[in-house]
>>> print(open('run30.cif').read())   # mmCIF, C-alpha atoms and all ligand atoms
data_data
loop_
_atom_site.label_atom_id
_atom_site.label_comp_id
_atom_site.auth_asym_id
_atom_site.auth_seq_id
_atom_site.Cartn_x
_atom_site.Cartn_y
_atom_site.Cartn_z
CA MET A 195 0.00 0.00 0.00
CA ASN A 196 1.29 3.47 -0.89
CA PRO A 197 1.96 5.82 2.03
CA PRO A 198 -0.61 8.61 2.39
CA SER A 199 0.16 11.73 0.38
CA ILE A 200 1.45 14.89 2.05
CA SER A 201 -1.98 16.50 1.53
CA ALA A 202 -3.70 13.54 3.20
CA GLN A 203 -1.29 13.68 6.13
CA ILE A 204 -1.91 17.42 6.62
CA GLN A 205 -5.64 16.83 6.39
CA LYS A 206 -5.46 14.07 9.02
CA LYS A 207 -3.35 16.14 11.39
CA ALA A 208 -5.66 19.16 10.99
CA SER A 209 -8.68 16.97 11.78
CA GLU A 210 -6.93 15.56 14.86
CA LEU A 211 -6.33 19.12 16.02
CA GLY A 212 -10.05 19.82 15.76
CA PHE A 213 -10.37 21.59 12.41
CA ASP A 214 -13.67 20.55 10.86
CA LEU A 215 -13.05 21.76 7.32
CA VAL A 216 -9.77 21.38 5.46
CA GLY A 217 -8.98 22.16 1.82
CA PHE A 218 -6.05 23.12 -0.39
CA THR A 219 -5.71 25.63 -3.18
CA SER A 220 -2.92 27.08 -5.28
CA VAL A 221 -1.71 30.61 -4.74
CA SER A 222 -2.92 33.24 -7.16
CA ARG A 223 -3.83 36.88 -7.29
CA SER A 224 -7.24 37.37 -5.68
CA LYS A 225 -10.15 36.94 -8.08
CA THR A 226 -12.50 39.06 -5.95
CA ILE A 227 -10.22 41.92 -4.95
CA GLU A 228 -11.94 44.39 -7.28
CA ILE A 229 -15.34 43.59 -5.73
CA TYR A 230 -13.76 44.05 -2.31
CA LYS A 231 -12.19 47.37 -3.26
CA ALA A 232 -15.49 48.60 -4.69
CA TRP A 233 -17.14 47.62 -1.38
CA LEU A 234 -14.54 49.65 0.52
CA LYS A 235 -14.94 52.60 -1.85
CA LYS A 236 -18.67 52.74 -1.19
CA GLY A 237 -17.90 53.19 2.51
CA TYR A 238 -19.53 49.91 3.56
CA ALA A 239 -16.63 49.18 5.94
CA GLY A 240 -17.64 52.10 8.15
CA SER A 241 -14.86 53.08 10.53
CA MET A 242 -12.82 49.88 10.05
CA ASP A 243 -9.88 51.78 8.56
CA TYR A 244 -7.58 48.79 8.97
CA LEU A 245 -9.49 47.08 6.13
CA GLN A 246 -8.49 49.93 3.83
CA ARG A 247 -4.89 49.69 4.99
CA HIS A 248 -4.88 45.93 4.38
CA SER A 249 -6.41 46.09 0.90
CA LYS A 250 -3.09 46.23 -0.98
CA LEU A 251 -1.79 43.19 0.92
CA LYS A 252 -5.03 41.35 0.20
CA GLU A 253 -4.45 41.50 -3.56
CA ASP A 254 -2.20 38.46 -3.41
CA PRO A 255 -1.15 36.12 -0.56
CA ARG A 256 2.41 36.38 -1.91
CA ASN A 257 2.44 39.91 -0.52
CA LEU A 258 2.47 38.19 2.88
CA LEU A 259 4.87 35.40 2.02
CA PRO A 260 6.58 35.68 -1.40
CA GLN A 261 7.50 31.97 -1.46
CA THR A 262 3.85 30.85 -1.18
CA ILE A 263 2.81 28.09 -3.57
CA SER A 264 -0.12 26.50 -1.70
CA LEU A 265 -2.75 27.61 0.78
CA VAL A 266 -4.39 25.41 3.37
CA SER A 267 -7.87 26.66 4.21
CA LEU A 268 -9.32 25.59 7.54
CA GLY A 269 -12.72 25.88 9.21
CA PHE A 270 -13.18 25.59 12.98
CA ASN A 271 -16.68 24.96 14.30
CA TYR A 272 -17.98 27.29 17.05
CA ASN A 273 -21.54 25.98 17.15
CA THR A 274 -21.75 25.11 20.83
CA LEU A 275 -25.33 25.50 22.10
CA ASP A 276 -28.52 27.03 20.78
CA PRO A 277 -29.31 30.32 22.54
CA PRO A 278 -31.48 29.77 25.63
CA ILE A 279 -35.19 30.68 25.28
CA LYS A 280 -34.58 33.20 28.07
CA THR A 281 -32.74 35.47 25.63
CA ASN A 282 -36.09 36.21 23.94
CA ASN A 283 -36.81 38.22 27.07
CA PRO A 284 -35.86 41.89 26.47
CA GLU A 285 -34.38 42.30 29.96
CA ILE A 286 -31.77 39.66 29.09
CA GLY A 287 -28.78 40.46 26.86
CA ARG A 288 -28.04 38.51 23.70
CA ILE A 289 -24.40 37.71 23.03
CA SER A 290 -23.31 36.18 19.74
CA ARG A 291 -22.47 32.52 20.28
CA TYR A 292 -18.83 33.05 19.36
CA GLY A 293 -18.55 35.41 22.35
CA TRP A 294 -19.81 32.92 24.97
CA GLY A 295 -16.57 31.13 25.72
CA ASN A 296 -12.85 31.80 25.52
CA ASP A 297 -11.33 33.96 22.82
CA TYR A 298 -11.10 31.82 19.69
CA HIS A 299 -8.00 33.63 18.43
CA SER A 300 -5.80 32.10 21.12
CA ILE A 301 -7.44 28.65 20.82
CA ILE A 302 -6.98 28.47 17.05
CA ARG A 303 -3.57 30.18 17.07
CA LYS A 304 -2.16 27.37 19.24
CA LYS A 305 -3.54 24.73 16.89
CA LEU A 306 -2.17 26.52 13.82
CA ASN A 307 1.28 26.64 15.42
CA VAL A 308 1.16 22.89 16.03
CA LEU A 309 0.02 22.23 12.46
CA GLU A 310 2.72 24.44 10.95
CA ASP A 311 5.35 22.80 13.12
CA TYR A 312 4.11 19.38 11.98
CA VAL A 313 4.32 20.34 8.30
CA ILE A 314 7.72 22.03 8.43
CA ASN A 315 9.56 19.99 11.08
CA LYS A 316 7.90 16.57 10.94
CA LEU A 317 6.88 16.16 7.31
CA LYS A 318 9.89 18.24 6.26
CA VAL A 319 8.45 19.12 2.88
CA GLY A 320 8.70 22.89 3.09
CA LYS A 321 11.00 25.45 4.59
CA ILE A 322 8.73 28.32 5.44
CA SER A 323 5.10 28.95 6.32
CA ARG A 324 2.80 31.64 7.67
CA SER A 325 -0.64 31.35 9.17
CA PHE A 326 -3.60 33.57 9.97
CA VAL A 327 -6.79 33.27 11.91
CA ASP A 328 -9.67 35.55 11.09
CA SER A 329 -7.91 38.91 11.25
CA GLY A 330 -5.06 38.53 8.74
CA PRO A 331 -4.80 40.61 5.56
CA ILE A 332 -6.09 37.83 3.35
CA LEU A 333 -9.44 37.35 1.60
CA GLU A 334 -10.15 34.23 3.54
CA LYS A 335 -13.64 33.49 2.26
CA GLU A 336 -12.36 33.50 -1.31
CA VAL A 337 -9.52 31.17 -0.31
CA ALA A 338 -11.99 28.85 1.44
CA TYR A 339 -14.30 28.81 -1.59
CA ARG A 340 -11.40 28.03 -3.92
CA ALA A 341 -10.23 25.27 -1.58
CA GLY A 342 -13.67 23.65 -1.87
CA LEU A 343 -14.87 24.35 1.70
CA GLY A 344 -18.18 25.92 0.65
CA TRP A 345 -19.84 28.86 -1.03
CA ILE A 346 -20.27 32.44 0.08
CA GLY A 347 -23.93 32.87 0.99
CA LYS A 348 -26.08 35.94 0.51
CA ASN A 349 -25.42 36.73 4.17
CA SER A 350 -21.69 36.91 3.31
CA ASN A 351 -20.75 33.86 5.37
CA LEU A 352 -18.98 30.81 4.04
CA ILE A 353 -21.48 27.93 4.04
CA ASN A 354 -20.56 24.27 3.87
CA ASN A 355 -23.33 22.12 2.40
CA GLU A 356 -22.95 19.45 5.11
CA LYS A 357 -21.90 21.45 8.18
CA GLY A 358 -23.43 24.91 7.83
CA SER A 359 -21.75 28.24 8.50
CA TRP A 360 -20.75 28.34 12.17
CA PHE A 361 -17.05 28.44 11.37
CA PHE A 362 -14.01 30.52 12.09
CA LEU A 363 -11.71 30.48 9.09
CA ALA A 364 -7.93 30.16 9.18
CA GLU A 365 -5.22 29.78 6.55
CA ILE A 366 -1.67 28.45 6.27
CA LEU A 367 0.60 29.64 3.45
CA LEU A 368 3.14 27.02 2.35
CA ASP A 369 6.10 27.03 -0.03
CA PHE A 370 5.43 23.68 -1.73
CA GLU A 371 2.75 22.15 -3.90
CA LEU A 372 -0.17 20.13 -2.52
CA GLU A 373 -3.04 18.22 -4.15
CA PHE A 374 -5.46 21.05 -4.76
CA ASN A 375 -9.22 20.86 -4.33
CA LEU A 376 -11.64 22.24 -6.90
CA PRO A 377 -13.59 25.38 -6.06
CA PHE A 378 -16.91 24.58 -4.42
CA ASN A 379 -19.72 24.22 -6.98
CA LYS A 380 -22.24 21.75 -5.54
CA VAL A 381 -25.07 24.09 -4.44
CA ASP A 382 -25.81 27.76 -3.79
CA CYS A 383 -28.44 29.85 -1.96
CA GLY A 384 -30.85 29.54 -4.88
CA THR A 385 -34.07 31.52 -4.38
CA CYS A 386 -33.76 31.62 -0.58
CA THR A 387 -33.82 35.10 0.99
CA SER A 388 -34.33 34.12 4.65
CA CYS A 389 -31.30 36.03 5.92
CA ILE A 390 -32.20 39.17 3.98
CA ASP A 391 -35.79 39.04 5.26
CA ALA A 392 -34.72 38.47 8.88
CA CYS A 393 -31.99 41.09 9.19
CA PRO A 394 -33.39 43.78 11.51
CA THR A 395 -31.31 46.60 10.04
CA ASP A 396 -31.42 45.70 6.30
CA ALA A 397 -27.65 45.38 6.36
CA ILE A 398 -27.49 42.60 3.75
CA ILE A 399 -26.87 44.07 0.32
CA GLY A 400 -26.20 42.52 -3.10
CA ASN A 401 -23.07 40.69 -4.19
CA ARG A 402 -23.06 38.49 -1.07
CA SER A 403 -21.96 41.35 1.12
CA ILE A 404 -23.01 43.45 4.08
CA ASP A 405 -23.14 47.16 4.66
CA ALA A 406 -21.17 46.95 7.89
CA ARG A 407 -22.36 50.39 8.98
CA LEU A 408 -25.83 48.92 9.45
CA CYS A 409 -24.83 45.53 10.84
CA ILE A 410 -25.40 44.92 14.56
CA SER A 411 -22.12 42.99 14.77
CA TYR A 412 -20.24 46.06 13.59
CA LEU A 413 -22.28 48.45 15.72
CA THR A 414 -21.75 46.47 18.93
CA ILE A 415 -18.12 45.42 18.41
CA GLU A 416 -16.17 47.39 15.83
CA LEU A 417 -17.75 50.83 16.13
CA LYS A 418 -15.95 52.81 18.80
CA GLY A 419 -18.19 55.89 18.99
CA ALA A 420 -21.88 56.56 19.38
CA ILE A 421 -24.38 54.24 17.68
CA PRO A 422 -26.54 56.14 15.15
CA LYS A 423 -29.86 56.96 16.82
CA ILE A 424 -31.91 55.61 13.94
CA LEU A 425 -30.37 52.15 14.40
CA ARG A 426 -30.62 51.87 18.19
CA PRO A 427 -34.28 50.75 18.32
CA LYS A 428 -33.55 48.03 15.74
CA MET A 429 -30.87 46.43 17.88
CA GLY A 430 -33.27 44.88 20.38
CA ASN A 431 -31.31 43.18 23.16
CA HIS A 432 -28.19 42.39 21.09
CA ILE A 433 -25.23 43.55 23.16
CA PHE A 434 -22.32 41.80 21.45
CA GLY A 435 -22.61 40.65 17.86
CA CYS A 436 -25.63 39.23 16.06
CA ASP A 437 -26.30 35.73 14.76
CA ILE A 438 -29.71 36.26 13.18
CA CYS A 439 -28.67 35.80 9.54
CA GLN A 440 -26.98 32.51 10.41
CA GLU A 441 -29.71 31.28 12.73
CA VAL A 442 -32.33 31.53 9.99
CA CYS A 443 -30.14 29.92 7.34
CA PRO A 444 -31.59 26.52 6.36
CA TRP A 445 -28.07 25.13 5.94
CA ASN A 446 -27.54 25.50 9.69
CA LYS A 447 -30.57 23.38 10.67
CA GLU A 448 -28.48 20.24 11.00
CA ALA A 449 -25.18 21.94 11.82
CA PRO A 450 -22.99 19.74 14.02
CA LYS A 451 -21.88 20.90 17.46
CA SER A 452 -18.37 22.11 18.19
CA LYS A 453 -15.97 19.68 19.84
CA GLU A 454 -13.89 22.49 21.36
CA ASN A 455 -14.53 22.75 25.11
CA GLY A 456 -12.91 26.18 25.31
CA LEU A 457 -15.64 27.69 23.17
CA TYR A 458 -18.50 26.42 25.33
CA PRO A 459 -20.25 29.19 27.28
CA TYR A 460 -19.34 30.64 30.60
CA PRO A 461 -22.75 30.57 32.35
CA GLU A 462 -22.63 34.33 32.97
CA ASN A 463 -22.27 35.04 29.21
CA LEU A 464 -25.21 32.94 28.08
CA ALA A 465 -28.19 34.97 29.29
CA PRO A 466 -26.93 37.94 31.33
CA GLU A 467 -29.31 40.35 33.03
CA LEU A 468 -28.91 43.76 31.42
CA VAL A 469 -29.45 45.67 34.66
CA GLU A 470 -26.56 43.84 36.32
CA LEU A 471 -24.24 44.41 33.35
CA MET A 472 -25.00 48.13 33.37
CA THR A 473 -23.51 48.54 36.84
CA MET A 474 -20.18 46.86 36.03
CA ASP A 475 -17.07 48.85 36.91
CA SER A 476 -13.78 48.52 35.01
CA PRO A 477 -12.09 45.94 37.31
CA THR A 478 -15.20 43.74 37.14
CA PHE A 479 -15.41 44.02 33.35
CA ASN A 480 -11.71 43.20 32.98
CA LYS A 481 -12.00 40.25 35.34
CA ILE A 482 -15.14 38.73 33.83
CA PHE A 483 -14.11 39.13 30.20
CA LYS A 484 -10.36 38.63 30.53
CA LYS A 485 -10.36 35.54 28.32
CA SER A 486 -13.41 36.44 26.25
CA PRO A 487 -13.69 38.05 22.80
CA ILE A 488 -16.06 40.51 24.51
CA LYS A 489 -13.04 42.42 25.80
CA ARG A 490 -12.65 43.73 22.24
CA SER A 491 -15.58 46.08 22.71
CA LYS A 492 -14.00 47.43 25.93
CA ARG A 493 -16.15 48.39 28.91
CA ARG A 494 -17.25 51.69 27.34
CA GLY A 495 -18.46 50.01 24.14
CA PHE A 496 -20.09 47.14 26.00
CA LEU A 497 -21.98 49.39 28.42
CA ARG A 498 -23.00 51.57 25.46
CA ASN A 499 -24.61 48.46 23.94
CA VAL A 500 -26.21 47.45 27.23
CA ALA A 501 -27.70 50.92 27.66
CA VAL A 502 -29.25 50.72 24.18
CA ALA A 503 -30.74 47.30 25.01
CA LEU A 504 -32.16 48.68 28.27
CA GLY A 505 -33.71 51.56 26.33
CA ASN A 506 -35.28 49.05 23.99
CA TRP A 507 -36.66 47.14 26.99
CA GLY A 508 -38.21 50.44 28.13
CA ASN A 509 -39.04 49.19 31.61
CA PRO A 510 -38.87 51.44 34.72
CA ALA A 511 -36.91 48.67 36.47
CA ALA A 512 -33.93 49.82 34.39
CA ILE A 513 -33.98 53.38 35.71
CA PRO A 514 -31.57 52.92 38.68
CA ALA A 515 -28.93 51.20 36.50
CA LEU A 516 -29.28 53.78 33.73
CA SER A 517 -29.12 56.62 36.26
CA LYS A 518 -25.78 55.22 37.32
CA GLY A 519 -24.79 55.13 33.65
CA LEU A 520 -25.79 58.78 33.37
CA LYS A 521 -23.07 59.57 35.92
CA ASP A 522 -20.45 57.27 34.38
CA GLU A 523 -16.97 58.69 33.92
CA ASP A 524 -17.13 57.83 30.21
CA SER A 525 -19.18 60.20 28.06
CA LEU A 526 -20.08 57.39 25.60
CA VAL A 527 -21.86 55.54 28.40
CA ARG A 528 -23.59 58.74 29.55
CA ILE A 529 -24.79 59.49 25.99
CA HIS A 530 -26.47 56.10 25.57
CA SER A 531 -27.81 56.04 29.13
CA ALA A 532 -29.52 59.39 28.45
CA TRP A 533 -31.03 58.03 25.24
CA ALA A 534 -32.26 54.92 27.04
CA LEU A 535 -33.85 56.92 29.88
CA GLY A 536 -35.71 58.90 27.24
CA LYS A 537 -37.30 55.66 26.08
CA ILE A 538 -38.74 54.91 29.52
CA LEU A 539 -41.97 56.81 29.93
CA ASP A 540 -41.79 57.25 33.67
CA LYS A 541 -41.49 60.30 35.87
CA LYS A 542 -38.37 58.93 37.59
CA SER A 543 -36.43 58.84 34.33
CA LYS A 544 -37.50 62.40 33.63
CA ILE A 545 -36.30 63.49 37.09
CA LYS A 546 -32.92 61.81 36.55
CA LEU A 547 -32.50 63.45 33.14
CA GLU A 548 -33.43 66.87 34.57
CA GLU A 549 -30.84 66.42 37.35
CA ALA A 550 -28.17 65.42 34.85
CA LYS A 551 -29.00 68.38 32.62
CA ARG A 552 -28.14 70.76 35.45
CA VAL A 553 -24.63 69.33 36.02
CA GLU A 554 -23.52 67.85 32.67
CA THR A 555 -20.72 69.81 30.97
CA ASN A 556 -20.04 67.62 27.93
CA LYS A 557 -21.75 69.12 24.87
CA GLU A 558 -22.64 65.83 23.18
CA VAL A 559 -24.05 64.32 26.35
CA LEU A 560 -26.02 67.46 27.04
CA GLU A 561 -27.54 67.37 23.56
CA GLU A 562 -28.55 63.75 24.11
CA ILE A 563 -30.11 64.61 27.48
CA ILE A 564 -32.11 67.44 25.94
CA GLU A 565 -33.34 65.16 23.15
CA ALA A 566 -34.24 62.47 25.67
CA LEU A 567 -36.19 64.98 27.72
CA ASN A 568 -37.99 65.97 24.57
CA ASP A 569 -38.91 62.31 23.98
CA ILE A 570 -40.64 62.17 27.37
CA LYS A 571 -41.90 65.73 27.58
CA ASN A 572 -45.49 64.59 28.08
CA VAL A 573 -44.64 62.62 31.22
CA VAL A 574 -45.95 64.53 34.24
CA ILE A 575 -43.63 64.74 37.24
FE1 LIG B 1 -28.12 41.67 9.80
FE2 LIG B 1 -27.41 40.66 12.17
FE3 LIG B 1 -26.61 39.49 9.92
FE4 LIG B 1 -25.61 41.87 10.63
S1 LIG B 1 -25.32 39.92 11.71
S2 LIG B 1 -26.29 41.26 8.59
S3 LIG B 1 -27.44 42.81 11.58
S4 LIG B 1 -28.74 39.69 10.65
FE1 LIG B 2 -28.30 31.80 1.46
FE2 LIG B 2 -30.77 31.52 2.49
FE3 LIG B 2 -28.61 31.02 3.99
FE4 LIG B 2 -29.22 33.52 3.28
S1 LIG B 2 -30.45 32.19 4.60
S2 LIG B 2 -27.21 32.57 3.23
S3 LIG B 2 -30.04 33.21 1.22
S4 LIG B 2 -29.26 29.90 2.13
#
>>> encode(input="run30.cif", output="structure tokens", more="lines below")
Ligand code: SF4
Ligand code: SF4
Amino acid sequence: MNPPSISAQIQKKASELGFDLVGFTSVSRSKTIEIYKAWLKKGYAGSMDYLQRHSKLKEDPRNLLPQTISLVSLGFNYNTLDPPIKTNNPEIGRISRYGWGNDYHSIIRKKLNVLEDYVINKLKVGKISRSFVDSGPILEKEVAYRAGLGWIGKNSNLINNEKGSWFFLAEILLDFELEFNLPFNKVDCGTCTSCIDACPTDAIIGNRSIDARLCISYLTIELKGAIPKILRPKMGNHIFGCDICQEVCPWNKEAPKSKENGLYPYPENLAPELVELMTMDSPTFNKIFKKSPIKRSKRRGFLRNVAVALGNWGNPAAIPALSKGLKDEDSLVRIHSAWALGKILDKKSKIKLEEAKRVETNKEVLEEIIEALNDIKNVVI
């Protein structure tokens, strides 16, 4: 019997390490870079300036490693649990399932290091490699499609016809030739529009892409400043990311569960009470989310999101927590707390806003307080 090929050995090792999807493709200049650049030009990336900076590098993986001949494309399943029913309750925060457990970057980075070491030092077929998980300057969905992992759905996610779309993508660049897969061509979205119909902010646009400026994932994680007022009511109780366009996708109905323990939820991240989150100080935030991807939003961004969700709940029970937010040292938290209090038609919220108006010195916060007071001007104290 012939020994397994190098490609087969890499595939086996990657599977042992927990990668659920593995494919190989040859290096080439990106075939979708012009679409990507047009997307950037239209401003759909919002404030993610690093995407603009990376766009030159993304033209060709050889800009990252000139010796590249082959790319290994990898998918890592993060489908742990279904969200608890409790998260339908507007006083409970919704966190995207990838944010429930430990930060995937460190989990996958360790596995990539092992896989690269195996290829270079054990198989000894190449001399140099480079790997990326999620945030590298590489058009990873195109690479995954070309390596046969799946197709890019209308919701802009890579979908595998057997395992769905709950995947982090990663890549290894190698300086030797492998047995390449064919680009995926088995099925496509067809006439389905479930994700487009379900998106609360109409963020899904043509060409299998998203207007990030409207997307709740961007608004709650990447955006560093104030959330546009027009979008706040559409965010419901989403406080970190949004999974709606994947949850409604028929290809995820039978999606297998992740085998990675580190991604399974910390109980406190699964269905947190918004009121409790709103009163978190910096040491508590840093302690609770030390190992979590949630730390990316920082306390100020996270409490901004929580305040918006409390405003959308609109219940007087949120007034004490939002009043605390109205006195927060960070103006971003004060801005969104003021907005949220303006959504609670109760005399106590009006009293708190009036008090804050007398002492607030920040112009933007003051404007928000005045607008919030206007929203509840008919409430009688
Ligand atoms: Fe729309 Fe949410 Fe999908 Fe963003 S993540 S496109 S907001 S459904
Ligand atoms: Fe494609 Fe439908 Fe899934 Fe959207 S929900 S990505 S249209 S299959």
>>> atom_distance(input="run30.cif", atom1="CA of Asp369 (chain A)", atom2="CA of Ser264 (chain A)")
6.5 Å
>>> closest_atom_pairs(input="run30.cif", of="region 346-442 of chain A", to="region 203-220 of chain A", cutoff="10 Å", atoms="only C-alpha atoms", output="CSV")
residue,atom,partner,partner_atom,distance
A:Asn354,CA,A:Leu215,CA,8.6
A:Lys357,CA,A:Asp214,CA,8.7
A:Phe361,CA,A:Asp214,CA,8.6
A:Phe362,CA,A:Phe213,CA,9.6
A:Leu363,CA,A:Leu215,CA,9.0
A:Ala364,CA,A:Phe213,CA,9.5
A:Glu365,CA,A:Val216,CA,9.6
A:Ile366,CA,A:Phe218,CA,9.6
A:Leu367,CA,A:Ser220,CA,9.8
A:Leu368,CA,A:Ser220,CA,9.7
A:Phe370,CA,A:Ser220,CA,9.7
A:Glu371,CA,A:Ser220,CA,7.6
A:Leu372,CA,A:Phe218,CA,6.9
A:Glu373,CA,A:Phe218,CA,6.9
A:Phe374,CA,A:Thr219,CA,4.9
A:Asn375,CA,A:Phe218,CA,5.5
A:Leu376,CA,A:Thr219,CA,7.8
A:Pro377,CA,A:Thr219,CA,8.4
>>> residues_near_ligand(input="run30.cif", ligand="ligand LIG 1 (chain B)", cutoff="8 Å", atoms="only C-alpha atoms and all ligand atoms", output="number ranges by chain")
A: 349, 389-390, 392-398, 404-406, 408-412, 435-440
>>> residues_near_ligand(input="run30.cif", ligand="ligand LIG 2 (chain B)", cutoff="6 Å", atoms="all atoms listed in the file", output="list in words")
Gly347, Lys348, Asn349, Cys383, Cys386, Thr387, Ser388, Cys389, Val442, Cys443 and Pro444 of chain A
>>> atom_distance(input="run30.cif", atom1="CA of Met474 (chain A)", atom2="CA of Gly519 (chain A)")
9.8 Å
>>> residues_around(input="run30.cif", residues="Ser241 (chain A)", least_positions_apart="4", cutoff="9 Å", atoms="all atoms listed in the file", output="CSV table (one decimal) with C-alpha atoms, in the coordinates of the input")
chain,number,residue,atom,x,y,z
A,237,GLY,CA,-17.9,53.2,2.5
A,407,ARG,CA,-22.4,50.4,9.0
A,416,GLU,CA,-16.2,47.4,15.8
A,417,LEU,CA,-17.8,50.8,16.1
A,418,LYS,CA,-16.0,52.8,18.8
>>> closest_residue(input="run30.cif", among="A:Asp391, A:Glu454, A:Glu310, A:Glu441", to="Asn271 (chain A)", atoms="only C-alpha atoms")
A:Glu454
>>> residues_around(input="run30.cif", residues="Asn455 (chain A)", least_positions_apart="4", cutoff="10 Å", atoms="only C-alpha atoms", output="list in words")
Tyr272, Thr274, Gly295, Asn296 and Pro459 of chain A
>>> atom_distance(input="run30.cif", atom1="CA of Gly495 (chain A)", atom2="CA of Gly330 (chain A)")
23.4 Å
>>> closest_residue(input="run30.cif", among="A:Arg247, A:Arg490, A:Lys235, A:Lys280", to="Pro331 (chain A)", atoms="all atoms listed in the file")
A:Arg247
>>> build_atoms(input="run30.cif", residues="region 447-460 of chain A", atoms="N, CA, C and O atoms", output="mmCIF file, keeping the file's coordinate frame")
data_model
loop_
_atom_site.group_PDB
_atom_site.id
_atom_site.type_symbol
_atom_site.label_atom_id
_atom_site.label_comp_id
_atom_site.auth_asym_id
_atom_site.auth_seq_id
_atom_site.Cartn_x
_atom_site.Cartn_y
_atom_site.Cartn_z
ATOM 1 N N LYS A 447 -29.583 24.169 9.906
ATOM 2 C CA LYS A 447 -30.570 23.380 10.670
ATOM 3 C C LYS A 447 -29.938 22.137 11.293
ATOM 4 O O LYS A 447 -30.232 21.784 12.426
ATOM 5 N N GLU A 448 -29.089 21.488 10.522
ATOM 6 C CA GLU A 448 -28.480 20.240 11.000
ATOM 7 C C GLU A 448 -27.015 20.447 11.353
ATOM 8 O O GLU A 448 -26.241 19.488 11.368
ATOM 9 N N ALA A 449 -26.617 21.671 11.604
ATOM 10 C CA ALA A 449 -25.180 21.940 11.820
ATOM 11 C C ALA A 449 -24.665 21.155 13.035
ATOM 12 O O ALA A 449 -25.305 21.156 14.090
ATOM 13 N N PRO A 450 -23.523 20.496 12.891
ATOM 14 C CA PRO A 450 -22.990 19.740 14.020
ATOM 15 C C PRO A 450 -22.505 20.674 15.138
ATOM 16 O O PRO A 450 -22.268 21.854 14.902
ATOM 17 N N LYS A 451 -22.374 20.110 16.320
ATOM 18 C CA LYS A 451 -21.880 20.900 17.460
ATOM 19 C C LYS A 451 -20.360 20.906 17.501
ATOM 20 O O LYS A 451 -19.696 19.967 17.042
ATOM 21 N N SER A 452 -19.828 21.979 18.073
ATOM 22 C CA SER A 452 -18.370 22.110 18.190
ATOM 23 C C SER A 452 -17.822 21.102 19.202
ATOM 24 O O SER A 452 -18.461 20.786 20.206
ATOM 25 N N LYS A 453 -16.618 20.623 18.914
ATOM 26 C CA LYS A 453 -15.970 19.680 19.840
ATOM 27 C C LYS A 453 -14.984 20.410 20.755
ATOM 28 O O LYS A 453 -14.290 19.795 21.535
ATOM 29 N N GLU A 454 -14.894 21.735 20.612
ATOM 30 C CA GLU A 454 -13.890 22.490 21.360
ATOM 31 C C GLU A 454 -14.463 22.995 22.695
ATOM 32 O O GLU A 454 -15.270 23.927 22.727
ATOM 33 N N ASN A 455 -14.009 22.381 23.792
ATOM 34 C CA ASN A 455 -14.530 22.750 25.110
ATOM 35 C C ASN A 455 -14.350 24.232 25.423
ATOM 36 O O ASN A 455 -15.196 24.859 26.048
ATOM 37 N N GLY A 456 -13.223 24.786 24.977
ATOM 38 C CA GLY A 456 -12.910 26.180 25.310
ATOM 39 C C GLY A 456 -13.887 27.186 24.739
ATOM 40 O O GLY A 456 -13.916 28.338 25.166
ATOM 41 N N LEU A 457 -14.676 26.761 23.758
ATOM 42 C CA LEU A 457 -15.640 27.690 23.170
ATOM 43 C C LEU A 457 -17.020 27.583 23.822
ATOM 44 O O LEU A 457 -17.896 28.395 23.552
ATOM 45 N N TYR A 458 -17.194 26.566 24.670
ATOM 46 C CA TYR A 458 -18.500 26.420 25.330
ATOM 47 C C TYR A 458 -18.707 27.544 26.342
ATOM 48 O O TYR A 458 -17.741 28.094 26.883
ATOM 49 N N PRO A 459 -19.981 27.938 26.549
ATOM 50 C CA PRO A 459 -20.250 29.190 27.280
ATOM 51 C C PRO A 459 -19.866 29.198 28.750
ATOM 52 O O PRO A 459 -20.058 28.196 29.449
ATOM 53 N N TYR A 460 -19.349 30.346 29.173
ATOM 54 C CA TYR A 460 -19.340 30.640 30.600
ATOM 55 C C TYR A 460 -20.795 30.949 30.955
ATOM 56 O O TYR A 460 -21.446 31.717 30.221
#
